[in-house]
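See below for the structure under consideration.
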Amino acid sequence: LEDGGPGTLPTNPNFAVDTPVENGTFIIATDTTFAPFEYQEGGELVGIDIDLLRAIAANQGFEVQIQPLGFDAALQAVQSGQADGVIAGMGITDERREVFDFSDPYFDSGIQMAVAVDSDIASYADLAGKTVAVKTGTTGAAFAEELAAEHGFSVNAFADSADMVNDVATGNSAAAFEDSPVLQFGIASGNVPLKTVTDPEPNAQYGFAVLKGQNAELL
């Protein structure tokens, strides 16, 4: 966390440190397999988003109950009132702003295409007549849907990143569209047996979200 080093929060005129949400408990929904932002390690949920959420809660004097539901289910939980907010590497888009209120962006991301290590696919044009894998409800899925008609491929959606990656690795899908930092982290750590073949599309910023018009103090 910038400005003061570990354990401190960035200086921001919109960040009301002097009016903490004290003695409250909030249910926060998140994804399950989106390393390095949220993932399981040694039976514990860890990651950038989890660290960030817990640091803010400690600084502002409230408690959080974190529910790892999967990305699409996390958004649905907030919309149905079963959760107060969501932090899950969630891209801020105009479409989502119709349903959610967002914090200031905290991370710049972008969609990237990955293929099997031995694949000769090198561009979107090479996907003609093939199937690509995406994760339901994500900006990667929306980006793939936009390209599908232009480049003549079909889209297969999965509930989590692990199933999406496995579908490409086993040859059932020709490529996957996922956020660049997640692909890069997974490939570098050996957990994603794919390779990236495009530059990231700079079209996403992550934000914490609550249901539109609700939980303004938490936001």
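Note on naming: chains are A, B, ... as they come in the structure tokens, residues start from 1 per chain, ligands start from 1 in the order shown.
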Taking a cut-off of 9 Å and counting only C-alpha atoms, can you build a table that, for each residue of stretch 85-176 of chain A near stretch 183-197 of chain A, reports the nearest atom pair and how far apart they are in Å (one decimal), sorted by chain then residue number, as JSON lines?
{"residue": "A:Gln112", "atom": "CA", "partner": "A:Thr196", "partner_atom": "CA", "distance": 7.0}
{"residue": "A:Met113", "atom": "CA", "partner": "A:Thr196", "partner_atom": "CA", "distance": 5.8}
{"residue": "A:Ala114", "atom": "CA", "partner": "A:Thr196", "partner_atom": "CA", "distance": 4.2}
{"residue": "A:Val115", "atom": "CA", "partner": "A:Leu194", "partner_atom": "CA", "distance": 5.4}
{"residue": "A:Ala116", "atom": "CA", "partner": "A:Leu194", "partner_atom": "CA", "distance": 4.7}
{"residue": "A:Val117", "atom": "CA", "partner": "A:Leu194", "partner_atom": "CA", "distance": 5.1}
{"residue": "A:Asp118", "atom": "CA", "partner": "A:Leu194", "partner_atom": "CA", "distance": 8.7}
{"residue": "A:Ser119", "atom": "CA", "partner": "A:Lys195", "partner_atom": "CA", "distance": 8.9}
{"residue": "A:Ile121", "atom": "CA", "partner": "A:Val197", "partner_atom": "CA", "distance": 7.8}
{"residue": "A:Ala122", "atom": "CA", "partner": "A:Val197", "partner_atom": "CA", "distance": 5.5}
{"residue": "A:Ser123", "atom": "CA", "partner": "A:Val197", "partner_atom": "CA", "distance": 7.0}
{"residue": "A:Ala162", "atom": "CA", "partner": "A:Val192", "partner_atom": "CA", "distance": 8.4}
{"residue": "A:Val165", "atom": "CA", "partner": "A:Val192", "partner_atom": "CA", "distance": 6.8}
{"residue": "A:Asn166", "atom": "CA", "partner": "A:Pro193", "partner_atom": "CA", "distance": 8.4}
{"residue": "A:Val168", "atom": "CA", "partner": "A:Leu194", "partner_atom": "CA", "distance": 7.9}
{"residue": "A:Ala169", "atom": "CA", "partner": "A:Pro193", "partner_atom": "CA", "distance": 6.5}
Write a file of the selected residues as a CSV table (one decimal), in the first residue's frame, keeping N, CA and C atoms.
chain,number,residue,atom,x,y,z
A,112,GLN,N,-6.1,-10.4,-21.8
A,112,GLN,CA,-5.1,-11.0,-22.6
A,112,GLN,C,-5.5,-12.4,-23.0
A,113,MET,N,-5.1,-12.8,-24.2
A,113,MET,CA,-5.4,-14.2,-24.7
A,113,MET,C,-4.3,-15.1,-24.4
A,114,ALA,N,-4.6,-16.3,-24.0
A,114,ALA,CA,-3.7,-17.4,-23.7
A,114,ALA,C,-4.1,-18.7,-24.4
A,115,VAL,N,-3.1,-19.4,-24.8
A,115,VAL,CA,-3.3,-20.7,-25.6
A,115,VAL,C,-2.5,-21.8,-25.0
A,116,ALA,N,-2.7,-23.0,-25.4
A,116,ALA,CA,-1.9,-24.2,-24.9
A,116,ALA,C,-0.4,-23.9,-25.4
A,117,VAL,N,0.5,-24.5,-24.6
A,117,VAL,CA,1.9,-24.2,-24.8
A,117,VAL,C,2.4,-24.6,-26.2
A,118,ASP,N,1.8,-25.7,-26.7
A,118,ASP,CA,2.2,-26.2,-28.0
A,118,ASP,C,1.3,-25.7,-29.2
A,119,SER,N,0.4,-24.7,-28.9
A,119,SER,CA,-0.5,-24.2,-29.9
A,119,SER,C,0.3,-23.3,-30.9
A,121,ILE,N,-1.5,-20.9,-32.5
A,121,ILE,CA,-2.4,-19.8,-32.6
A,121,ILE,C,-1.6,-18.6,-32.1
A,122,ALA,N,-1.7,-17.5,-32.9
A,122,ALA,CA,-0.9,-16.3,-32.5
A,122,ALA,C,-1.7,-15.0,-32.5
A,123,SER,N,-2.9,-15.0,-33.0
A,123,SER,CA,-3.7,-13.8,-33.1
A,123,SER,C,-5.2,-14.2,-33.0
A,162,ALA,N,-10.0,-22.0,-13.0
A,162,ALA,CA,-9.4,-23.3,-13.1
A,162,ALA,C,-10.0,-24.2,-14.2
A,165,VAL,N,-9.1,-22.7,-17.7
A,165,VAL,CA,-7.7,-23.0,-18.1
A,165,VAL,C,-7.5,-24.4,-18.5
A,166,ASN,N,-8.2,-25.3,-17.7
A,166,ASN,CA,-8.1,-26.8,-18.0
A,166,ASN,C,-8.7,-27.1,-19.4
A,168,VAL,N,-8.6,-25.3,-22.0
A,168,VAL,CA,-7.7,-24.9,-23.1
A,168,VAL,C,-6.5,-25.9,-23.0
A,169,ALA,N,-6.0,-26.2,-21.8
A,169,ALA,CA,-4.8,-27.1,-21.7
A,169,ALA,C,-5.1,-28.5,-22.3
How would you write, as an mmCIF file with all heavy atoms, in the first residue's frame, the set of residues in stretch 143-193 of chain A that DSSP gives as strand (DSSP E or B)?
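After the write, selection.cif holds the following:
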data_model
loop_
_atom_site.group_PDB
_atom_site.id
_atom_site.type_symbol
_atom_site.label_atom_id
_atom_site.label_comp_id
_atom_site.auth_asym_id
_atom_site.auth_seq_id
_atom_site.Cartn_x
_atom_site.Cartn_y
_atom_site.Cartn_z
ATOM 1 N N SER A 154 -16.664 -19.388 -31.440
ATOM 2 C CA SER A 154 -17.724 -19.525 -30.446
ATOM 3 C C SER A 154 -17.119 -19.424 -29.051
ATOM 4 O O SER A 154 -15.904 -19.571 -28.868
ATOM 5 C CB SER A 154 -18.457 -20.856 -30.602
ATOM 6 O OG SER A 154 -17.564 -21.946 -30.495
ATOM 7 N N VAL A 155 -17.975 -19.178 -28.062
ATOM 8 C CA VAL A 155 -17.521 -18.936 -26.693
ATOM 9 C C VAL A 155 -18.117 -19.976 -25.751
ATOM 10 O O VAL A 155 -19.324 -20.225 -25.769
ATOM 11 C CB VAL A 155 -17.909 -17.517 -26.232
ATOM 12 C CG1 VAL A 155 -17.493 -17.292 -24.783
ATOM 13 C CG2 VAL A 155 -17.284 -16.469 -27.138
ATOM 14 N N ASN A 156 -17.269 -20.564 -24.923
ATOM 15 C CA ASN A 156 -17.689 -21.536 -23.920
ATOM 16 C C ASN A 156 -17.387 -20.957 -22.543
ATOM 17 O O ASN A 156 -16.231 -20.639 -22.249
ATOM 18 C CB ASN A 156 -16.949 -22.864 -24.120
ATOM 19 C CG ASN A 156 -17.566 -23.996 -23.336
ATOM 20 O OD1 ASN A 156 -18.653 -23.867 -22.779
ATOM 21 N ND2 ASN A 156 -16.870 -25.124 -23.275
ATOM 22 N N ALA A 157 -18.410 -20.803 -21.695
ATOM 23 C CA ALA A 157 -18.252 -20.129 -20.412
ATOM 24 C C ALA A 157 -18.153 -21.123 -19.257
ATOM 25 O O ALA A 157 -18.853 -22.142 -19.230
ATOM 26 C CB ALA A 157 -19.409 -19.175 -20.168
ATOM 27 N N PHE A 158 -17.285 -20.797 -18.283
ATOM 28 C CA PHE A 158 -17.078 -21.629 -17.102
ATOM 29 C C PHE A 158 -17.271 -20.789 -15.848
ATOM 30 O O PHE A 158 -17.122 -19.570 -15.870
ATOM 31 C CB PHE A 158 -15.674 -22.236 -17.113
ATOM 32 C CG PHE A 158 -15.442 -23.191 -18.254
ATOM 33 C CD1 PHE A 158 -14.999 -22.722 -19.485
ATOM 34 C CD2 PHE A 158 -15.692 -24.541 -18.096
ATOM 35 C CE1 PHE A 158 -14.797 -23.598 -20.549
ATOM 36 C CE2 PHE A 158 -15.496 -25.424 -19.147
ATOM 37 C CZ PHE A 158 -15.054 -24.956 -20.375
ATOM 38 N N ALA A 175 -8.383 -21.233 -26.957
ATOM 39 C CA ALA A 175 -7.780 -20.109 -26.243
ATOM 40 C C ALA A 175 -8.660 -19.714 -25.080
ATOM 41 O O ALA A 175 -9.835 -20.105 -24.999
ATOM 42 C CB ALA A 175 -7.580 -18.918 -27.191
ATOM 43 N N ALA A 176 -8.103 -18.937 -24.184
ATOM 44 C CA ALA A 176 -8.849 -18.365 -23.063
ATOM 45 C C ALA A 176 -8.596 -16.863 -23.020
ATOM 46 O O ALA A 176 -7.519 -16.391 -23.398
ATOM 47 C CB ALA A 176 -8.415 -19.005 -21.748
ATOM 48 N N PHE A 177 -9.601 -16.120 -22.563
ATOM 49 C CA PHE A 177 -9.467 -14.680 -22.353
ATOM 50 C C PHE A 177 -9.589 -14.415 -20.859
ATOM 51 O O PHE A 177 -10.599 -14.727 -20.239
ATOM 52 C CB PHE A 177 -10.544 -13.918 -23.128
ATOM 53 C CG PHE A 177 -10.306 -13.872 -24.599
ATOM 54 C CD1 PHE A 177 -10.772 -14.887 -25.424
ATOM 55 C CD2 PHE A 177 -9.605 -12.824 -25.178
ATOM 56 C CE1 PHE A 177 -10.553 -14.860 -26.795
ATOM 57 C CE2 PHE A 177 -9.375 -12.780 -26.553
ATOM 58 C CZ PHE A 177 -9.851 -13.802 -27.356
ATOM 59 N N GLU A 178 -8.541 -13.834 -20.303
ATOM 60 C CA GLU A 178 -8.492 -13.611 -18.858
ATOM 61 C C GLU A 178 -7.700 -12.336 -18.579
ATOM 62 O O GLU A 178 -6.960 -11.845 -19.432
ATOM 63 C CB GLU A 178 -7.831 -14.814 -18.180
ATOM 64 C CG GLU A 178 -7.668 -14.734 -16.672
ATOM 65 C CD GLU A 178 -8.986 -14.694 -15.924
ATOM 66 O OE1 GLU A 178 -9.628 -13.607 -15.957
ATOM 67 O OE2 GLU A 178 -9.360 -15.705 -15.292
ATOM 68 N N ASP A 179 -7.838 -11.804 -17.376
ATOM 69 C CA ASP A 179 -7.095 -10.613 -16.985
ATOM 70 C C ASP A 179 -5.595 -10.913 -16.992
ATOM 71 O O ASP A 179 -5.145 -11.933 -16.463
ATOM 72 C CB ASP A 179 -7.517 -10.156 -15.601
ATOM 73 C CG ASP A 179 -8.916 -9.562 -15.600
ATOM 74 O OD1 ASP A 179 -9.701 -9.875 -16.515
ATOM 75 O OD2 ASP A 179 -9.230 -8.792 -14.677
#
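Between atom CA of A:Ile27 and atom CA of A:Gln67 the interatomic distance comes to 7.1 Å.
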Restricting the calculation to only C-alpha atoms, which member of A:Gln214, A:Thr198, A:Ser180, A:Thr32 is positioned closest to A:Asp108?
A:Ser180
What lies within 10 Å of A:Leu218 using only C-alpha atoms, ignoring chain neighbours under 6 positions off, as a ChimeraX atom specification?
/A:20-21,24,26,57,60,62,84-85,103,209-210
Keeping only C-alpha atoms, write those residues as a PDB file, in the first residue's frame.
ATOM      1  CA  PRO A  20     -14.646   5.159  10.581  1.00  0.00           C
ATOM      2  CA  VAL A  21     -17.454   2.617  10.193  1.00  0.00           C
ATOM      3  CA  GLY A  24     -20.069  -2.908  12.176  1.00  0.00           C
ATOM      4  CA  PHE A  26     -20.037  -6.526   6.728  1.00  0.00           C
ATOM      5  CA  ALA A  57     -11.344  -3.001   7.973  1.00  0.00           C
ATOM      6  CA  GLN A  60     -11.608   1.803   9.933  1.00  0.00           C
ATOM      7  CA  PHE A  62     -15.183  -2.714  11.370  1.00  0.00           C
ATOM      8  CA  ASP A  84     -22.859  -5.982   1.496  1.00  0.00           C
ATOM      9  CA  GLY A  85     -20.042  -5.607  -1.018  1.00  0.00           C
ATOM     10  CA  SER A 103     -14.701   2.805  -5.097  1.00  0.00           C
ATOM     11  CA  ALA A 209     -18.312  -2.414  -5.241  1.00  0.00           C
ATOM     12  CA  VAL A 210     -21.593  -2.185  -3.351  1.00  0.00           C
TER      13      VAL A 210
END
Mind pulling up the distance from atom CA of A:Thr131 to atom CA of A:Ala35?
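Calculated distance between atom CA of A:Ala35 and atom CA of A:Thr131 is 24.4 Å.
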Between atom CA of A:Gly140 and atom CA of A:Leu52, what is the distance in Å, rounded to a tenth?
23.3 Å
At a cut-off of 10 Å, using only C-alpha atoms, what residues contact A:Asp160? Leave out same-chain residues fewer than 4 positions from it and give the result as a CSV table (one decimal) with N, CA and C atoms, in the first residue's frame.
chain,number,residue,atom,x,y,z
A,31,ASP,N,-14.2,-13.9,-5.2
A,31,ASP,CA,-14.0,-15.0,-6.1
A,31,ASP,C,-13.3,-16.1,-5.3
A,32,THR,N,-13.1,-17.3,-6.0
A,32,THR,CA,-12.4,-18.4,-5.4
A,32,THR,C,-11.1,-18.7,-6.0
A,33,THR,N,-10.9,-18.5,-7.3
A,33,THR,CA,-9.7,-18.8,-8.0
A,33,THR,C,-9.3,-17.6,-9.0
A,34,PHE,N,-8.7,-16.6,-8.4
A,34,PHE,CA,-8.3,-15.4,-9.2
A,34,PHE,C,-7.0,-14.9,-8.6
A,69,LEU,N,-17.3,-17.1,-3.1
A,69,LEU,CA,-18.4,-17.7,-3.8
A,69,LEU,C,-18.2,-18.0,-5.3
A,70,GLY,N,-17.1,-17.5,-5.9
A,70,GLY,CA,-17.0,-17.5,-7.3
A,70,GLY,C,-17.5,-16.1,-7.8
A,71,PHE,N,-16.9,-15.7,-9.0
A,71,PHE,CA,-17.1,-14.3,-9.4
A,71,PHE,C,-18.6,-14.0,-9.7
A,72,ASP,N,-19.2,-14.8,-10.6
A,72,ASP,CA,-20.6,-14.5,-10.9
A,72,ASP,C,-21.5,-14.6,-9.7
A,134,VAL,N,-14.0,-18.8,-21.5
A,134,VAL,CA,-14.0,-17.6,-20.7
A,134,VAL,C,-14.7,-18.0,-19.3
A,135,LYS,N,-14.6,-17.0,-18.4
A,135,LYS,CA,-15.2,-17.2,-17.1
A,135,LYS,C,-16.5,-16.3,-17.1
A,136,THR,N,-17.6,-16.9,-16.6
A,136,THR,CA,-18.9,-16.3,-16.7
A,136,THR,C,-18.9,-14.9,-15.9
A,164,MET,N,-11.7,-23.1,-16.8
A,164,MET,CA,-11.5,-22.4,-18.0
A,164,MET,C,-10.1,-22.8,-18.6
A,165,VAL,N,-9.1,-22.7,-17.7
A,165,VAL,CA,-7.7,-23.0,-18.1
A,165,VAL,C,-7.5,-24.4,-18.5
